[in-house]
Structures are given as structure tokens and as C-alpha cells.
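Novice: Have a look at the structure that comes next, please.
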Amino acid sequence: MLRINNVTKKFGGLTAVDDLSIKIKRGTIHSIIGPNGAGKTTLVNMITGVYNVTGGTIHLDGKDITNVPTNKLVYKGVCRTFQHLEVCSNLTAVENVMLGFDKYMDKSFIKSCLRFKSIVDDEKKYFDKSIELLDMVGLKDYANIEAQNLSYGILKKIEIIRALATSPDIILLDEPVAGLNPNETAEISKIIKDVAHSGVTIVLIEHDMKMVMKVSDKITVMNFGKKLAQGTPEEIANNEEVITAYLGNGAFHGH
Amino acid sequence: MLKRYNINFQIILLTLILVCLPFFFQNDFYFEIAILAILNAIICIGLNLLMGYAGQVSLGHGAFAGLGAYISVILVSNYEMTPLLSIFVSLIFMAIFAFFISKPILKLKGHYLAMATLGIGIIINIVLNSEDEITGGADGMSVPEFTLFGYLFEDSLQWYILCATMLVLVIWAFTNLIDSPFGRLLRSIHDSEKAAGSVGINVSHYKSYVFVISVVIATIAGSFYAFFSGYISPEEASFGHSIELVVMVVFGGLGRVYGAVFGAIILTVLPQLLTALEEYETLVFGGIIIFVMIFMPKGIVSIWDYFVEKKDKEKNLVKN
């Protein structure tokens with residue numbers, strides 16, 4: 001479904017992603033892992049058009065989406081979350097989720113000012129849908145609390161369901177469980193699995209190996225901007241090169 | 001989502017106050033201050049949409065209002081248009097002008113954006129001062145009478161009714177706007193442009209959009225003020241006026257429609273009340289602003305919130 005062909009990104013003299021090719025199959029949870037600075041987030045930023053690629057192409061279902069900006073990608077069915085929380089702190093939880101339905105809503109200035117019935121009905125409809133989504137992840141009770149007063153774990157979940165509200169074909173999750181406790185991690189793993197089960201493709205960037213091994217269908221390991229290995233969780237867990245990349249040469253022998 | 005009955009209640013209350021006020025006015029001077037306060041409030045509502053909701057600072061709105069007013073006036077006195085048509089042409093021109101300057105400057109953030117709008121404001125002021133063949137230079141120019149469909153506005157009460165009606169309509173429209181997907185979108189841009197972009201919002205498009213709206217509102221109110229006072233000078237478009245508008249919005253409460261309204265009204269009327277203090281006027285005026293900003297950082301409207309919250313708490317206590 002998502003094909004990344006020979007993509008390269010250079011920042012001046014630094015090559016963050018180097019001639020990388022990945023194929024991501026529909027309906028799978030495809031994890032991309034690698035040590036810090038391996039170029040994972042850069043890759044996500046390129047797929048979602050935050051950065052322009054230096055070379056290579058990205059195709060979604062055969063259509064070229066290289067360098068298409070994030071807000072237009074949403075209309076093509078690609079949505080993302082962020083490594084560093086990007087939730088609107090002055091909006092309530094439910095309003096943050098409603099933001100996800102933005103692309104379906106009529107935002108005509110005149111109609112909004114005159115409070116047309118269609119606007120009010122839309123607002124009501126998507127409010128209910130958002131509450132439903134919040135209920136799905138067990139956050140219904142927090143619906144009317146401003147995001148700035150909610151905990152980090154809850155906001156991480158809200159970010160995911162906000163992405164889900166755009167009804168994407170593919171979601172890119174950039175470190176969804178970073179900084180969360182084991183309980184919260186388990187909850188988010190479950191949400192991710194449920195979402196994948198409903199037919200949405202998930203690209204997961206994560207450092208939490210336990211979680212990655214548990215939820216992934218396929219894993220791509222990156223190091224220094226290149227693809228180091230790719231395979232099922234078992235294959236990756238037993239791959240010599242991967243172990244070396246993470247733990248360093250001779251880490252087991254001690255120095 | 002806002003509570004609907006609250007909004008209707010607030011608008012009805014405001015309308016009642018506006019209707020009753022003229023009975024307490026003893027002379028034309030009262031009307032003059034009231035009309036000035038109302039027109040400032042209208043500009044501030046537009047500016048608040050930009051600053052309070054979308055989070056983009058502008059230190060040039062006084063200049064935009066002034067320029068818009070000048071264009072309206074010049075069209076009437078030099079090209080013999082009717083005032084209403086001239087205001088319409090002026091706001092179209094200002095909308096296009098605002099659109100073109102918004103594209104480069106709204107890429108800037110925070111202090112840099114403030115500097116850019118400040119610069120444009122000062123350029124406008126200089127142009128109005130120096131093009132004295134068209135604008136009359138620093139001496140300003142007199143403004144023809146205002147007619148609406150052949151009906152001449154000369155009495156202060158007529159002006160008061162016109163402006164007060166405009167104020168109520170603008171408040172009604174903007175509270176509706178804020179309570180719609182459009183309003184939520186603006187607030188999301190304020191909080192996180194990345195989040196807004198990630199759900200498909202074209203951030204730069206909406207930033208320009210709201211900038212144009214606020215400039216158009218300023219143009220309308222500025223033009224009406226020029227026609228009302230019968231005289232216009234570059235003072236209208238000065239840096240001082242722009243700052244005054246920003247202070248009104250912040251003083252009243254950023255991101256609240258009524259904040260802008262009360263901020264504008266209080267800061268327009270207050271200096272008149274303080275004239276009795278003679279040379280201490282400015283000192284007391286400044287003191288009041290500092291006092292409010294220290295103890296009510298969210299502006300004057302937080303007094304209202306305080307009582308609403310207190311009432312809610314009492315209700316909850318009763319329930320429990």
C-alpha cells in the first residue's frame with residue numbers, strides 16, 4: 001500500500017536517511033525501529049510532507065505522494081501523531097477529537113456567523129461521534145476537561161483518536177508510548193491493535209522493544225539512515241546485526 | 001461548545017443596556033464618547049479574533065482602520081461616491097491589501113510578527129502624513145456628511161442607534177462564529193499549528209483569512225468614525241492608536257468576545273472620567289491598567305468567570 005522508493009534526505013552534509021526503500025502492506029502494523037538518530041522521525045516527516053525529500057519517491061496505492069504537505073495528505077487518507085505531544089491545550093478533550101473531524105465540516109464564514117442549521121447539526125453530530133471515540137478508549141469522563149489539565153498518558157491517547165477521527169487508511173504513530181508507564185503502554189498497544197484490526201494500516205515508530213515485539217506484524221530496523229534488517233518480530237529478535245546495532249560490538253564480552 | 005442560553009442572555013442584556021443608556025446622556029459629549037467606545041469595541045472584536053483566538057499579534061490595526069477610513073473619505077469627497085458605496089469599495093480594497101501583506105508576514109511568529117505589523121502600520125502613517133495633496137497631510141481633512149439611502153445622519157442619537165445596532169450584530173455574529181467549527185479551527189491554530197495541520201487544516205490559508213476579516217472590520221469601524229466625527233487626521237492611523245487597540249483587547253480578556261467589548265468601552269470611557277484628577281490622570285490611568293493586569297491576567301471578563309464558577313461550585317456543593 002505505502003511504497004517508499006530509494007528515499008534520501010540530506011541536511012547539509014548530514015545524510016539522515018540514505019537510499020531507503022520500504023514496502024508497507026495494507027492492514028498490517030509495520031514498526032520502524034532503530035537507535036536514536038537512525039532517521040526514523042525524519043522518515044515520518046518525509047512521508048507526511050513536513051520535509052521535502054532530497055531524492056526518491058513515496059507512493060500510496062500507486063499514487064505519487066512525494067512532498068505533498070501534511071494537511072493535504074489527510075484528504076488522501078494519511079494521518080500522523082507526533083513524538084512530542086501536539087494537542088491543543090486550551091481546547092477540551094472532546095474538542096481536540098472533534099478537530100479530527102475537521103475535514104468533514106463546513107467552515108463557511110458567512111454560514112458560521114449566521115448560525116445556519118447545517119452548521120449546528122454538523123457540530124452536534126461530530127460532537128456525538130467524538131464522545132463515542134473517547135468512550136472507546138475509556139476517556140468519556142474527561143470529555144469536557146481542558147487538555148492542559150489532563151495527564152500526558154491521556155493526551156497521548158487523545159492524539160491517537162484525533163488521528164483516527166480523520167478516518168485514515170494509514171496512520172503514522174511517532175513514539176506513541178514514549179514516557180508512559182507499563183499500564184498505559186498496554187492500553188495504547190490494545191488501541192493500536194484494535195485500530196489495525198478494523199483495517200487501518202499502522203506505521204509505528206517506537207523505542208519500547210517489548211511493545212514493538214508484541215504488536216508488530218513486520219519490523220524494519222534502521223541504523224544511520226539505512227535499512228539494517230526487515231522481518232517478523234522473531235526474525236528481528238534473533239538477527240545478529242540488529243543486536244550489534246543496539247548493544248554495540250562486544251557489549252556482551254565487557255571491556 | 002458554549003452554553004447557548006448563556007449567549008442569548010448576554011446579547012439580550014447588552015441590547016437592553018445599549019437601549020437604556022441614551023436616557024442617561026445629558027449632552028452630545030456623552031453620545032460622542034459612547035459612539036467612539038462602540039466603534040473601538042467593534043475593531044477590538046475583529047482584532048481579538050486575530051490575537052485572542054488565532055494567536056497572531058498585530059500592532060498595525062490602528063493604521064489599517066485609519067487607512068480604510070481615509071480611502072472611504074477620499075472616495076466620497078474626490079470621486080463623489082455615496083458614503084455606503086465608498087465604505088464598500090474601501091473594504092474590498094483593504095481586504096485585498098490585507099490578503100497580500102498577510103501572505104509573507106503571517107509566516108513570522110511572536111515578536112517578529114509584531115515587528116512586521118508594526119512596520120507596516122508606521123509606513124501607512126508616514127504615507128498618510130506625507131501625501132498631503134490627497135490626504136491633507138498632518139492637518140487631516142474634513143469629511144463630508146454621511147447619508148444612508150438618502151437619509152442624512154446629523155443627530156448624535158441617529159449615529160448612536162446605527163453604531164449600537166452594528167455592535168450587537170457583530171457580537172452576535174462573532175459569538176456564533178467562535179461556537180462553530182471555524183472557531184475551533186482558529187483556536188487550534190493558536191495552540192498548535194502542527195496539530196491543526198495534521199488533521200488537514202490549511203493553517204496559512206486560515207491565518208490569512210482571519211487577518212483579512214479583522215482588517216475589514218477595522219476598516220468599517222474606522223470609516224464610520226471618520227464620517228461621524230466629520231474630520232480625519234493621520235492620528236487615527238498612528239502607532240499610538242494601534243497600541244491602544246491591543247491594550248483594550250488584552251485588558252478586556254484575550255480570546256473572549258466580550259473581553260474585547262468591555263476592554264474597549266472601559267478604556268475609552270475611563271480617561272474621560274479621570275479628567276477630574278487633572279495632572280494625575282495619566283498616572284491613575286496607567287495604575288489601573290497595571291493593577292488589572294497583575295490581579296486579573298485574563299482580563300476584565302475574568303470577574304464574570306469568577307462569579308459563574310462560584311455559582312457552579314455552590315450548585316455542586318448542594319448536589320453533593
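Naming works like this for the C-alpha cells: A, B, ... for the chains as they're shown, residue 1 at the start of each chain, ligands 1 onward in shown order.
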When the cut-off is 9 Å and we count only C-alpha atoms, which residues of chain B are near chain A, given as a PyMOL selection string?
Specialist: chain B and resi 1+170+172-185+187-203
Novice: If you keep C-alpha atoms, can you produce a file of those selected residues as a CSV table (one decimal), in the first residue's frame?
Specialist:
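Okay, this is what ended up in selection_32.csv:
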```
chain,number,residue,atom,x,y,z
B,1,MET,CA,-19.2,24.3,22.9
B,170,VAL,CA,-21.1,42.0,15.2
B,172,TRP,CA,-24.0,38.1,17.7
B,173,ALA,CA,-22.2,37.0,14.5
B,174,PHE,CA,-18.8,36.5,16.2
B,175,THR,CA,-20.1,34.6,19.1
B,176,ASN,CA,-21.8,32.3,16.6
B,177,LEU,CA,-18.5,32.1,14.6
B,178,ILE,CA,-16.5,31.2,17.7
B,179,ASP,CA,-19.0,28.5,18.6
B,180,SER,CA,-18.6,26.8,15.2
B,181,PRO,CA,-16.0,24.5,13.5
B,182,PHE,CA,-14.4,27.7,12.2
B,183,GLY,CA,-13.9,29.0,15.7
B,184,ARG,CA,-12.4,25.7,17.0
B,185,LEU,CA,-10.1,25.7,14.0
B,187,ARG,CA,-8.2,28.2,18.5
B,188,SER,CA,-6.3,25.1,17.3
B,189,ILE,CA,-4.0,27.2,15.3
B,190,HIS,CA,-3.3,29.3,18.4
B,191,ASP,CA,-2.4,26.2,20.4
B,192,SER,CA,-0.6,24.0,17.9
B,193,GLU,CA,-0.1,24.7,14.2
B,194,LYS,CA,1.3,21.2,13.8
B,195,ALA,CA,-1.8,19.6,15.3
B,196,ALA,CA,-4.0,21.7,13.1
B,197,GLY,CA,-2.0,20.7,10.0
B,198,SER,CA,-2.1,17.0,11.0
B,199,VAL,CA,-5.9,16.9,10.8
B,200,GLY,CA,-6.0,18.6,7.4
B,201,ILE,CA,-6.3,22.3,8.3
B,202,ASN,CA,-4.6,24.6,5.8
B,203,VAL,CA,-3.0,26.8,8.5
```
Novice: Fewer than 3 positions away in the same chain doesn't count, so skip those; otherwise give me all residues within 12 Å of B:Asn78, counting only C-alpha atoms, as a PDB file with C-alpha atoms, in the first residue's frame.
Specialist:
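Output (around_30.pdb):
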```pdb
ATOM      1  CA  TYR B  70      -9.054  57.624   4.587  1.00  0.00           C
ATOM      2  CA  ILE B  71      -9.919  55.652   1.466  1.00  0.00           C
ATOM      3  CA  SER B  72     -13.651  55.856   2.238  1.00  0.00           C
ATOM      4  CA  VAL B  73     -13.427  59.591   2.854  1.00  0.00           C
ATOM      5  CA  ILE B  74     -11.340  60.301  -0.239  1.00  0.00           C
ATOM      6  CA  LEU B  75     -13.726  58.317  -2.416  1.00  0.00           C
ATOM      7  CA  MET B  81     -19.433  58.281  -4.382  1.00  0.00           C
ATOM      8  CA  THR B  82     -22.182  57.723  -1.831  1.00  0.00           C
ATOM      9  CA  PRO B  83     -20.726  57.011   1.638  1.00  0.00           C
ATOM     10  CA  SER B  86     -17.286  54.238  -0.653  1.00  0.00           C
ATOM     11  CA  GLU B 133      -2.216  66.604  -1.785  1.00  0.00           C
ATOM     12  CA  ILE B 134      -4.608  63.704  -1.311  1.00  0.00           C
ATOM     13  CA  THR B 135      -4.800  63.303   2.453  1.00  0.00           C
ATOM     14  CA  MET B 141      -9.108  66.614   6.148  1.00  0.00           C
ATOM     15  CA  SER B 142     -12.753  67.344   6.711  1.00  0.00           C
ATOM     16  CA  VAL B 143     -15.244  64.603   5.958  1.00  0.00           C
ATOM     17  CA  PRO B 144     -18.487  65.065   4.018  1.00  0.00           C
TER      18      PRO B 144
END
```
Novice: Atom CA of B:Ile266 and atom CA of B:Ile289 are how many Å apart?
Specialist: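 Rounded to one decimal, the two atoms are 10.6 Å apart.
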Novice: If you count only C-alpha atoms, which residues fall within 12 Å of B:Trp304, apart from same-chain ones fewer than 5 positions away, as a list of chain:residue names?
Specialist: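 Non-adjacent residues within range: B:Gln10, B:Gly252, B:Gly253, B:Arg256, B:Tyr258, B:Gly259, B:Phe262, B:Met296, B:Lys298, B:Gly299, B:Glu309, B:Lys310, B:Lys311.
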Novice: In Å, with one decimal, what is the gap from atom CA of A:Lys23 to atom CA of A:His84?
Specialist: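 Here the two named atoms are 26.1 Å from each other.
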Novice: If you run DSSP on this backbone, which residues of stretch 21-118 of chain B come out as helix (DSSP H, G or I), and could you give them as a PyMOL selection string?
Specialist: chain B and resi 21-24+28-53+61-79+83-105+110-118
Novice: Keeping C-alpha atoms, export the residues of the selection given above as a PDB file, in the first residue's frame.
Specialist:
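Below you can see selection.pdb, which holds the result:
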```
ATOM      1  CA  LEU B  21     -28.035  54.285  28.016  1.00  0.00           C
ATOM      2  CA  PRO B  22     -29.210  57.281  25.930  1.00  0.00           C
ATOM      3  CA  PHE B  23     -31.726  58.184  28.650  1.00  0.00           C
ATOM      4  CA  PHE B  24     -28.824  58.938  30.955  1.00  0.00           C
ATOM      5  CA  ASP B  28     -23.813  65.420  22.893  1.00  0.00           C
ATOM      6  CA  PHE B  29     -20.465  64.796  24.527  1.00  0.00           C
ATOM      7  CA  TYR B  30     -21.804  61.641  26.183  1.00  0.00           C
ATOM      8  CA  PHE B  31     -23.003  60.411  22.814  1.00  0.00           C
ATOM      9  CA  GLU B  32     -19.641  61.159  21.274  1.00  0.00           C
ATOM     10  CA  ILE B  33     -17.806  59.064  23.870  1.00  0.00           C
ATOM     11  CA  ALA B  34     -20.348  56.248  23.640  1.00  0.00           C
ATOM     12  CA  ILE B  35     -20.066  56.086  19.852  1.00  0.00           C
ATOM     13  CA  LEU B  36     -16.277  56.152  19.999  1.00  0.00           C
ATOM     14  CA  ALA B  37     -16.355  53.351  22.585  1.00  0.00           C
ATOM     15  CA  ILE B  38     -18.718  51.277  20.459  1.00  0.00           C
ATOM     16  CA  LEU B  39     -16.646  51.674  17.293  1.00  0.00           C
ATOM     17  CA  ASN B  40     -13.462  50.834  19.207  1.00  0.00           C
ATOM     18  CA  ALA B  41     -15.248  47.775  20.561  1.00  0.00           C
ATOM     19  CA  ILE B  42     -16.088  46.664  17.024  1.00  0.00           C
ATOM     20  CA  ILE B  43     -12.453  46.995  15.908  1.00  0.00           C
ATOM     21  CA  CYS B  44     -11.372  45.129  19.039  1.00  0.00           C
ATOM     22  CA  ILE B  45     -13.735  42.234  18.355  1.00  0.00           C
ATOM     23  CA  GLY B  46     -12.068  41.775  14.968  1.00  0.00           C
ATOM     24  CA  LEU B  47      -8.600  42.193  16.444  1.00  0.00           C
ATOM     25  CA  ASN B  48      -9.458  39.726  19.192  1.00  0.00           C
ATOM     26  CA  LEU B  49     -10.390  37.140  16.575  1.00  0.00           C
ATOM     27  CA  LEU B  50      -6.880  37.510  15.218  1.00  0.00           C
ATOM     28  CA  MET B  51      -4.979  37.869  18.513  1.00  0.00           C
ATOM     29  CA  GLY B  52      -7.039  36.068  21.100  1.00  0.00           C
ATOM     30  CA  TYR B  53      -8.367  33.218  19.011  1.00  0.00           C
ATOM     31  CA  HIS B  61      -4.693  47.632  13.327  1.00  0.00           C
ATOM     32  CA  GLY B  62      -4.973  51.302  14.181  1.00  0.00           C
ATOM     33  CA  ALA B  63      -3.182  52.036  10.920  1.00  0.00           C
ATOM     34  CA  PHE B  64      -5.397  49.650   8.961  1.00  0.00           C
ATOM     35  CA  ALA B  65      -8.518  51.250  10.408  1.00  0.00           C
ATOM     36  CA  GLY B  66      -7.104  54.695   9.605  1.00  0.00           C
ATOM     37  CA  LEU B  67      -6.122  53.801   6.049  1.00  0.00           C
ATOM     38  CA  GLY B  68      -9.521  52.235   5.407  1.00  0.00           C
ATOM     39  CA  ALA B  69     -11.215  55.360   6.761  1.00  0.00           C
ATOM     40  CA  TYR B  70      -9.054  57.624   4.587  1.00  0.00           C
ATOM     41  CA  ILE B  71      -9.919  55.652   1.466  1.00  0.00           C
ATOM     42  CA  SER B  72     -13.651  55.856   2.238  1.00  0.00           C
ATOM     43  CA  VAL B  73     -13.427  59.591   2.854  1.00  0.00           C
ATOM     44  CA  ILE B  74     -11.340  60.301  -0.239  1.00  0.00           C
ATOM     45  CA  LEU B  75     -13.726  58.317  -2.416  1.00  0.00           C
ATOM     46  CA  VAL B  76     -16.636  60.404  -1.169  1.00  0.00           C
ATOM     47  CA  SER B  77     -15.016  63.833  -1.320  1.00  0.00           C
ATOM     48  CA  ASN B  78     -12.945  63.413  -4.512  1.00  0.00           C
ATOM     49  CA  TYR B  79     -14.970  60.923  -6.530  1.00  0.00           C
ATOM     50  CA  PRO B  83     -20.726  57.011   1.638  1.00  0.00           C
ATOM     51  CA  LEU B  84     -22.080  53.475   1.763  1.00  0.00           C
ATOM     52  CA  LEU B  85     -20.574  52.612  -1.628  1.00  0.00           C
ATOM     53  CA  SER B  86     -17.286  54.238  -0.653  1.00  0.00           C
ATOM     54  CA  ILE B  87     -17.060  52.156   2.522  1.00  0.00           C
ATOM     55  CA  PHE B  88     -17.805  49.074   0.457  1.00  0.00           C
ATOM     56  CA  VAL B  89     -15.100  49.876  -2.103  1.00  0.00           C
ATOM     57  CA  SER B  90     -12.686  50.722   0.700  1.00  0.00           C
ATOM     58  CA  LEU B  91     -13.244  47.438   2.486  1.00  0.00           C
ATOM     59  CA  ILE B  92     -12.745  45.488  -0.740  1.00  0.00           C
ATOM     60  CA  PHE B  93      -9.506  47.349  -1.316  1.00  0.00           C
ATOM     61  CA  MET B  94      -8.386  46.785   2.294  1.00  0.00           C
ATOM     62  CA  ALA B  95      -9.284  43.090   2.064  1.00  0.00           C
ATOM     63  CA  ILE B  96      -7.066  42.675  -0.992  1.00  0.00           C
ATOM     64  CA  PHE B  97      -4.325  44.745   0.642  1.00  0.00           C
ATOM     65  CA  ALA B  98      -4.549  42.657   3.834  1.00  0.00           C
ATOM     66  CA  PHE B  99      -4.501  39.435   1.854  1.00  0.00           C
ATOM     67  CA  PHE B 100      -1.306  40.354   0.038  1.00  0.00           C
ATOM     68  CA  ILE B 101       0.568  41.546   3.118  1.00  0.00           C
ATOM     69  CA  SER B 102      -0.676  38.591   5.188  1.00  0.00           C
ATOM     70  CA  LYS B 103       0.990  36.034   2.939  1.00  0.00           C
ATOM     71  CA  PRO B 104       4.584  36.999   3.777  1.00  0.00           C
ATOM     72  CA  ILE B 105       4.133  38.402   7.311  1.00  0.00           C
ATOM     73  CA  GLY B 110       5.567  36.066  18.023  1.00  0.00           C
ATOM     74  CA  HIS B 111       7.763  39.133  18.342  1.00  0.00           C
ATOM     75  CA  TYR B 112       8.776  39.047  14.693  1.00  0.00           C
ATOM     76  CA  LEU B 113       5.161  39.176  13.571  1.00  0.00           C
ATOM     77  CA  ALA B 114       4.542  42.072  15.965  1.00  0.00           C
ATOM     78  CA  MET B 115       7.530  43.900  14.451  1.00  0.00           C
ATOM     79  CA  ALA B 116       6.319  43.326  10.887  1.00  0.00           C
ATOM     80  CA  THR B 117       2.782  44.591  11.562  1.00  0.00           C
ATOM     81  CA  LEU B 118       4.268  47.499  13.497  1.00  0.00           C
TER      82      LEU B 118
END
```
Novice: Step one, run DSSP on the backbone; step two, keep only residues of stretch 76-301 of chain B assigned to strand (DSSP E); then write them as a PyMOL selection string.
Specialist: chain B and resi 141-142+146-148+151-153+231-232
Novice: Include C-alpha atoms and write out the residues we just selected as an mmCIF file, in the first residue's frame.
Specialist:
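So result.cif came out as:
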```cif
data_model
loop_
_atom_site.group_PDB
_atom_site.id
_atom_site.type_symbol
_atom_site.label_atom_id
_atom_site.label_comp_id
_atom_site.auth_asym_id
_atom_site.auth_seq_id
_atom_site.Cartn_x
_atom_site.Cartn_y
_atom_site.Cartn_z
ATOM 1 C CA MET B 141 -9.108 66.614 6.148
ATOM 2 C CA SER B 142 -12.753 67.344 6.711
ATOM 3 C CA PHE B 146 -22.968 60.744 5.958
ATOM 4 C CA THR B 147 -26.109 59.683 4.132
ATOM 5 C CA LEU B 148 -27.637 56.240 4.050
ATOM 6 C CA TYR B 151 -31.249 59.654 4.748
ATOM 7 C CA LEU B 152 -28.935 62.179 6.376
ATOM 8 C CA PHE B 153 -27.218 61.320 9.666
ATOM 9 C CA TYR B 231 -12.794 65.095 10.468
ATOM 10 C CA ILE B 232 -9.913 62.700 9.933
#
```
Novice: Choose the residue, out of A:Thr220, A:Thr57, A:Asn45, A:Thr28, that has the smallest atom-to-atom separation from A:Ser198; count only C-alpha atoms.
Specialist: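 Smallest separation from A:Ser198 among the options: A:Thr28.
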